[in-house]
Amino acid sequence: MVAGLDPDLDRLITRLPKVELHLHIEGTLEPEMAFALAAKHGVTLAYPSAAALRAAYDFHDLQSFLDLYYAGCAVLRDEDDFRALAAAYFARAHADGVVHAELFFDPQSHTSRGVAMGTVIGGLRRAIADAHAQYGMTAELILCFLRHLSEEDAFATLEAALPYRDQFVGVGLDSGERGNPPSKFARVFAAARGHGLRIVAHAGEEGPAAYITEALDLLGAERIDHGVRCDEDDALVARLVAAKIPLTVCPLSNLKLCVVKDLAEHNFAALLRRGVAVMINSDDPAYFGGYVADNYRATAAALGLTADELILTAEHAARAAFVKDDIKAGWLARIAAAR
Ligand code: HPA
Ligand code: ZN
């Protein structure tokens, strides 16, 4: 139980059917699994134990996190590693009441180490099939380009993924935001749109509001990942409201990466009350101290969200998913019944 959270709201959060749209599957690698996979493959990690690794999760910005996150990827080598990683996430997500998840994956952090695209996608798709059979959950994959790498590398990654086109729904953009604007990838995203892929992009996490505008105008982004710096531009906020552009906000991530100093200072509630389609996600839960229900609880307690606001948050997520309208209608009915 989170301190300061009304028990009725706590129970509502437990009951709410949740859709998670901002989740990096590599960011669900818990230290214990990292050590188990390191032993399996004879890989040496930079820390002596899982406890020591977890104790190193003290970040001061996005890059200080990414350095550990990419180092952790080194233990993911064969198809079963990717299956096991995603299976562990689905078990936790199911326990949190997640009915649907759209998983980001970063193929360049694996293909650069000699792991084949088919190994990554094959393992993740096996876990998705198992989660559907076991829990009735659904999930999709979104391939993210690493924005600190070149446009050429992104094009090569898209090319390598096209044989698996029917196994992922969209493309996104992640990694170090500062100095890597969406404009750098306009041509790659145009090519992805040409293949019928859905478009999302991280923007306005550490980067300026102008990167959100670029993601919309130059990449064709349908959702913005994070987007919390939109409030530096009133005209942009008005545009997000009018065009119903969803923001996949990740409150505990913003806290851990020092995007906000205190959750009580987070602009989630202010954006929600201004009519922006914000929702709550976990981003990299193994690193940021909580899965999606933990994020709902911490945010509700810190910002005094009401039951209606929690329901609206869950509705925003359901509406923003890349699934057919009749599926969304089913979730929305279940959300209404959770009240
Ligand atoms: N931001 C950018 N890139 C990322 C993140 C994030 O929060 N998590 C994993 N890659
Ligand atoms: Zn993210």
# chains A, B, ... in the order shown; residues from 1 in each chain; ligands from 1
>>> residues_around(residues="Arg178 of chain A", least_positions_apart="6", cutoff="9 Å", atoms="only C-alpha atoms", output="PyMOL selection string")
chain A and resi 206-208
>>> residues_around(residues="segment 281-290 of chain A", least_positions_apart="3", cutoff="9 Å", atoms="only C-alpha atoms", output="NGL selection string")
:A and (19-31 or 54 or 57 or 65 or 69 or 248-257 or 293-296)
>>> residues_around(residues="segment 154-160 of chain A", least_positions_apart="3", cutoff="10 Å", atoms="only C-alpha atoms", output="PyMOL selection string")
chain A and resi 106-108+111+116-118+143-147+149-151+163-165+171+173+185+187-189+191-192
>>> residues_around(residues="Arg334 of chain A", least_positions_apart="2", cutoff="12 Å", atoms="only C-alpha atoms", output="list in words")
Arg15, Leu16, Pro17, Lys18, Val19, Gly97, Val99, Ile311, Ala314, Glu315, Ala318, Ile327, Lys328, Ala329, Gly330, Trp331, Leu332, Ala336, Ala337, Ala338 and Arg339 of chain A
>>> write_last_selection(atoms="N, CA and C atoms", output="PDB file, in the first residue's frame")
ATOM      1  N   ARG A  15      -8.547  -3.018  -9.574  1.00  0.00           N
ATOM      2  CA  ARG A  15      -9.608  -3.540 -10.457  1.00  0.00           C
ATOM      3  C   ARG A  15      -9.505  -3.064 -11.901  1.00  0.00           C
ATOM      4  N   LEU A  16      -8.974  -1.851 -12.108  1.00  0.00           N
ATOM      5  CA  LEU A  16      -9.016  -1.257 -13.452  1.00  0.00           C
ATOM      6  C   LEU A  16      -8.297  -2.125 -14.492  1.00  0.00           C
ATOM      7  N   PRO A  17      -8.956  -2.459 -15.578  1.00  0.00           N
ATOM      8  CA  PRO A  17      -8.234  -3.103 -16.680  1.00  0.00           C
ATOM      9  C   PRO A  17      -7.272  -2.084 -17.283  1.00  0.00           C
ATOM     10  N   LYS A  18      -6.012  -2.461 -17.389  1.00  0.00           N
ATOM     11  CA  LYS A  18      -4.994  -1.495 -17.826  1.00  0.00           C
ATOM     12  C   LYS A  18      -4.404  -1.869 -19.187  1.00  0.00           C
ATOM     13  N   VAL A  19      -4.122  -0.831 -19.944  1.00  0.00           N
ATOM     14  CA  VAL A  19      -3.433  -0.986 -21.219  1.00  0.00           C
ATOM     15  C   VAL A  19      -2.099  -0.266 -21.059  1.00  0.00           C
ATOM     16  N   GLY A  97      -3.154  -6.413 -13.627  1.00  0.00           N
ATOM     17  CA  GLY A  97      -4.410  -6.111 -14.325  1.00  0.00           C
ATOM     18  C   GLY A  97      -4.223  -5.562 -15.725  1.00  0.00           C
ATOM     19  N   VAL A  99      -4.396  -5.791 -19.552  1.00  0.00           N
ATOM     20  CA  VAL A  99      -5.106  -6.633 -20.530  1.00  0.00           C
ATOM     21  C   VAL A  99      -4.442  -6.585 -21.903  1.00  0.00           C
ATOM     22  N   ILE A 311     -10.016   6.717 -13.804  1.00  0.00           N
ATOM     23  CA  ILE A 311     -10.780   6.043 -14.862  1.00  0.00           C
ATOM     24  C   ILE A 311     -10.484   6.686 -16.218  1.00  0.00           C
ATOM     25  N   ALA A 314      -7.152   5.511 -17.510  1.00  0.00           N
ATOM     26  CA  ALA A 314      -7.223   4.156 -18.088  1.00  0.00           C
ATOM     27  C   ALA A 314      -7.935   4.195 -19.445  1.00  0.00           C
ATOM     28  N   GLU A 315      -8.947   5.060 -19.571  1.00  0.00           N
ATOM     29  CA  GLU A 315      -9.660   5.191 -20.855  1.00  0.00           C
ATOM     30  C   GLU A 315      -8.735   5.753 -21.940  1.00  0.00           C
ATOM     31  N   ALA A 318      -6.674   2.935 -23.234  1.00  0.00           N
ATOM     32  CA  ALA A 318      -7.457   1.997 -24.059  1.00  0.00           C
ATOM     33  C   ALA A 318      -7.712   2.585 -25.449  1.00  0.00           C
ATOM     34  N   ILE A 327     -12.460  -3.932 -30.135  1.00  0.00           N
ATOM     35  CA  ILE A 327     -11.657  -4.400 -28.990  1.00  0.00           C
ATOM     36  C   ILE A 327     -11.612  -3.289 -27.927  1.00  0.00           C
ATOM     37  N   LYS A 328     -11.380  -2.039 -28.382  1.00  0.00           N
ATOM     38  CA  LYS A 328     -11.331  -0.911 -27.438  1.00  0.00           C
ATOM     39  C   LYS A 328     -12.671  -0.772 -26.716  1.00  0.00           C
ATOM     40  N   ALA A 329     -13.760  -0.938 -27.452  1.00  0.00           N
ATOM     41  CA  ALA A 329     -15.097  -0.796 -26.842  1.00  0.00           C
ATOM     42  C   ALA A 329     -15.262  -1.810 -25.712  1.00  0.00           C
ATOM     43  N   GLY A 330     -14.732  -3.015 -25.908  1.00  0.00           N
ATOM     44  CA  GLY A 330     -14.807  -4.036 -24.864  1.00  0.00           C
ATOM     45  C   GLY A 330     -14.038  -3.614 -23.620  1.00  0.00           C
ATOM     46  N   TRP A 331     -12.831  -3.062 -23.810  1.00  0.00           N
ATOM     47  CA  TRP A 331     -12.033  -2.603 -22.653  1.00  0.00           C
ATOM     48  C   TRP A 331     -12.739  -1.444 -21.961  1.00  0.00           C
ATOM     49  N   LEU A 332     -13.285  -0.509 -22.750  1.00  0.00           N
ATOM     50  CA  LEU A 332     -13.931   0.670 -22.153  1.00  0.00           C
ATOM     51  C   LEU A 332     -15.131   0.250 -21.298  1.00  0.00           C
ATOM     52  N   ALA A 336     -15.456   0.942 -17.291  1.00  0.00           N
ATOM     53  CA  ALA A 336     -16.650   1.563 -16.677  1.00  0.00           C
ATOM     54  C   ALA A 336     -17.187   0.676 -15.562  1.00  0.00           C
ATOM     55  N   ALA A 337     -17.121  -0.639 -15.763  1.00  0.00           N
ATOM     56  CA  ALA A 337     -17.650  -1.580 -14.758  1.00  0.00           C
ATOM     57  C   ALA A 337     -16.776  -1.655 -13.524  1.00  0.00           C
ATOM     58  N   ALA A 338     -15.527  -1.174 -13.620  1.00  0.00           N
ATOM     59  CA  ALA A 338     -14.586  -1.243 -12.485  1.00  0.00           C
ATOM     60  C   ALA A 338     -14.881  -0.174 -11.448  1.00  0.00           C
ATOM     61  N   ARG A 339     -15.668   0.815 -11.794  1.00  0.00           N
ATOM     62  CA  ARG A 339     -15.912   1.975 -10.922  1.00  0.00           C
ATOM     63  C   ARG A 339     -16.389   1.604  -9.528  1.00  0.00           C
TER      64      ARG A 339
END
>>> closest_residue(among="A:Glu309, A:Glu140, A:Asp325, A:Asp174", to="ligand 2", atoms="only C-alpha atoms and all ligand atoms")
A:Asp174
>>> residues_around(residues="Leu305 of chain A", least_positions_apart="2", cutoff="12 Å", atoms="only C-alpha atoms", output="PDB file with C-alpha atoms, in the first residue's frame")
ATOM      1  CA  GLY A   4      -1.323   8.571   1.543  1.00  0.00           C
ATOM      2  CA  LEU A   5      -3.414   6.631  -0.965  1.00  0.00           C
ATOM      3  CA  ASP A   6      -7.129   6.334  -0.184  1.00  0.00           C
ATOM      4  CA  LEU A   9      -8.638   4.357  -4.849  1.00  0.00           C
ATOM      5  CA  ASP A  10      -6.147   1.595  -4.120  1.00  0.00           C
ATOM      6  CA  LEU A  12     -10.027   0.864  -7.909  1.00  0.00           C
ATOM      7  CA  ILE A  13      -6.461   0.776  -9.271  1.00  0.00           C
ATOM      8  CA  ALA A 264       4.214  15.994  -6.272  1.00  0.00           C
ATOM      9  CA  ASN A 267       2.541  17.896 -14.421  1.00  0.00           C
ATOM     10  CA  PHE A 268       0.501  14.721 -15.094  1.00  0.00           C
ATOM     11  CA  ALA A 269      -2.586  15.964 -13.234  1.00  0.00           C
ATOM     12  CA  ALA A 270      -2.302  19.466 -14.714  1.00  0.00           C
ATOM     13  CA  LEU A 272      -5.045  15.704 -17.573  1.00  0.00           C
ATOM     14  CA  ARG A 273      -7.117  18.614 -16.245  1.00  0.00           C
ATOM     15  CA  TYR A 296      -0.794   4.418 -10.940  1.00  0.00           C
ATOM     16  CA  ARG A 297      -0.604   4.239  -7.129  1.00  0.00           C
ATOM     17  CA  ALA A 298       2.380   6.555  -6.698  1.00  0.00           C
ATOM     18  CA  THR A 299       0.905   9.119  -9.099  1.00  0.00           C
ATOM     19  CA  ALA A 300      -2.571   9.025  -7.561  1.00  0.00           C
ATOM     20  CA  ALA A 301      -1.116   9.508  -4.072  1.00  0.00           C
ATOM     21  CA  ALA A 302       1.339  12.275  -5.016  1.00  0.00           C
ATOM     22  CA  LEU A 303      -1.084  14.296  -7.145  1.00  0.00           C
ATOM     23  CA  ALA A 307     -11.547   8.077  -9.032  1.00  0.00           C
ATOM     24  CA  ASP A 308     -12.912   9.809 -12.146  1.00  0.00           C
ATOM     25  CA  GLU A 309      -9.404  10.918 -13.110  1.00  0.00           C
ATOM     26  CA  LEU A 310      -7.996   7.412 -12.686  1.00  0.00           C
ATOM     27  CA  ILE A 311     -10.780   6.043 -14.862  1.00  0.00           C
ATOM     28  CA  LEU A 312     -10.126   8.730 -17.500  1.00  0.00           C
ATOM     29  CA  THR A 313      -6.420   7.820 -17.425  1.00  0.00           C
TER      30      THR A 313
END
>>> select_by_dssp(residues="segment 165-298 of chain A", states="strand (DSSP E or B)", output="JSON list (two decimals) with N, CA, C and O atoms, in the first residue's frame")
[["chain", "number", "residue", "atom", "x", "y", "z"],
["A", 170, "GLY", "N", 4.45, -1.30, -35.42],
["A", 170, "GLY", "CA", 4.88, 0.08, -35.62],
["A", 170, "GLY", "C", 6.35, 0.28, -35.33],
["A", 170, "GLY", "O", 7.07, -0.66, -34.98],
["A", 171, "VAL", "N", 6.76, 1.53, -35.50],
["A", 171, "VAL", "CA", 8.14, 1.91, -35.17],
["A", 171, "VAL", "C", 8.11, 3.12, -34.24],
["A", 171, "VAL", "O", 7.18, 3.93, -34.26],
["A", 172, "GLY", "N", 9.17, 3.21, -33.42],
["A", 172, "GLY", "CA", 9.31, 4.31, -32.48],
["A", 172, "GLY", "C", 10.75, 4.81, -32.49],
["A", 172, "GLY", "O", 11.59, 4.34, -33.28],
["A", 173, "LEU", "N", 11.01, 5.77, -31.61],
["A", 173, "LEU", "CA", 12.33, 6.40, -31.55],
["A", 173, "LEU", "C", 12.69, 6.57, -30.09],
["A", 173, "LEU", "O", 11.91, 7.18, -29.33],
["A", 174, "ASP", "N", 13.83, 6.01, -29.67],
["A", 174, "ASP", "CA", 14.21, 6.16, -28.26],
["A", 174, "ASP", "C", 15.71, 6.38, -28.12],
["A", 174, "ASP", "O", 16.38, 6.70, -29.09],
["A", 198, "ARG", "N", 2.62, 1.77, -37.91],
["A", 198, "ARG", "CA", 2.14, 2.84, -37.02],
["A", 198, "ARG", "C", 3.36, 3.56, -36.45],
["A", 198, "ARG", "O", 4.43, 2.96, -36.33],
["A", 199, "ILE", "N", 3.16, 4.83, -36.08],
["A", 199, "ILE", "CA", 4.30, 5.68, -35.71],
["A", 199, "ILE", "C", 4.14, 6.27, -34.31],
["A", 199, "ILE", "O", 3.12, 6.89, -33.99],
["A", 200, "VAL", "N", 5.18, 6.07, -33.50],
["A", 200, "VAL", "CA", 5.28, 6.74, -32.20],
["A", 200, "VAL", "C", 6.71, 7.28, -32.08],
["A", 200, "VAL", "O", 7.59, 6.89, -32.85],
["A", 201, "ALA", "N", 6.94, 8.16, -31.12],
["A", 201, "ALA", "CA", 8.31, 8.65, -30.89],
["A", 201, "ALA", "C", 8.43, 9.21, -29.48],
["A", 201, "ALA", "O", 7.51, 9.88, -29.00],
["A", 202, "HIS", "N", 9.57, 8.93, -28.84],
["A", 202, "HIS", "CA", 9.89, 9.61, -27.59],
["A", 202, "HIS", "C", 10.22, 11.06, -27.94],
["A", 202, "HIS", "O", 11.03, 11.32, -28.84],
["A", 203, "ALA", "N", 9.60, 11.99, -27.22],
["A", 203, "ALA", "CA", 9.91, 13.41, -27.44],
["A", 203, "ALA", "C", 9.44, 14.19, -26.22],
["A", 203, "ALA", "O", 8.43, 13.85, -25.59],
["A", 223, "ARG", "N", 1.26, 8.91, -31.46],
["A", 223, "ARG", "CA", 1.34, 9.07, -29.99],
["A", 223, "ARG", "C", 2.72, 9.63, -29.70],
["A", 223, "ARG", "O", 3.67, 9.33, -30.42],
["A", 224, "ILE", "N", 2.82, 10.38, -28.59],
["A", 224, "ILE", "CA", 4.11, 10.88, -28.15],
["A", 224, "ILE", "C", 4.47, 10.16, -26.85],
["A", 224, "ILE", "O", 3.66, 10.11, -25.91],
["A", 225, "ASP", "N", 5.66, 9.59, -26.81],
["A", 225, "ASP", "CA", 6.14, 8.90, -25.61],
["A", 225, "ASP", "C", 6.81, 9.91, -24.69],
["A", 225, "ASP", "O", 7.70, 10.65, -25.11],
["A", 226, "HIS", "N", 6.32, 9.96, -23.46],
["A", 226, "HIS", "CA", 6.66, 11.00, -22.46],
["A", 226, "HIS", "C", 5.91, 12.29, -22.82],
["A", 226, "HIS", "O", 4.78, 12.47, -22.41],
["A", 247, "LEU", "N", -0.37, 11.11, -24.92],
["A", 247, "LEU", "CA", 0.98, 11.15, -24.34],
["A", 247, "LEU", "C", 1.12, 9.93, -23.42],
["A", 247, "LEU", "O", 0.36, 9.79, -22.46],
["A", 248, "THR", "N", 2.11, 9.10, -23.69],
["A", 248, "THR", "CA", 2.35, 7.91, -22.85],
["A", 248, "THR", "C", 3.32, 8.31, -21.73],
["A", 248, "THR", "O", 4.52, 8.09, -21.84],
["A", 249, "VAL", "N", 2.78, 8.87, -20.67],
["A", 249, "VAL", "CA", 3.59, 9.40, -19.57],
["A", 249, "VAL", "C", 4.04, 8.26, -18.64],
["A", 249, "VAL", "O", 3.32, 7.27, -18.46],
["A", 278, "VAL", "N", -3.45, 12.07, -21.53],
["A", 278, "VAL", "CA", -2.30, 11.47, -20.85],
["A", 278, "VAL", "C", -2.69, 10.12, -20.24],
["A", 278, "VAL", "O", -3.85, 9.90, -19.88],
["A", 279, "MET", "N", -1.71, 9.26, -20.12],
["A", 279, "MET", "CA", -1.93, 7.95, -19.48],
["A", 279, "MET", "C", -0.69, 7.59, -18.68],
["A", 279, "MET", "O", 0.32, 8.30, -18.74],
["A", 280, "ILE", "N", -0.77, 6.49, -17.95],
["A", 280, "ILE", "CA", 0.31, 6.09, -17.03],
["A", 280, "ILE", "C", 0.93, 4.77, -17.47],
["A", 280, "ILE", "O", 0.20, 3.79, -17.72],
["A", 283, "ASP", "N", 7.57, 2.29, -18.47],
["A", 283, "ASP", "CA", 8.81, 2.59, -19.19],
["A", 283, "ASP", "C", 9.85, 1.46, -19.05],
["A", 283, "ASP", "O", 9.94, 0.61, -19.92]]
>>> select_by_dssp(residues="segment 55-294 of chain A", states="alpha helix (DSSP H)", output="PyMOL selection string")
chain A and resi 55+62-72+79-95+108-111+117-135+151-161+186-194+209-214+234-242+251-256+268-273+285-288+292-294
>>> atom_distance(atom1="atom CA of Asp61 of chain A", atom2="atom CA of Cys258 of chain A")
5.8 Å
>>> atom_distance(atom1="atom CA of Val120 of chain A", atom2="atom CA of Leu218 of chain A")
28.6 Å
>>> atom_distance(atom1="atom CA of Tyr47 of chain A", atom2="atom CA of Asp67 of chain A")
13.8 Å
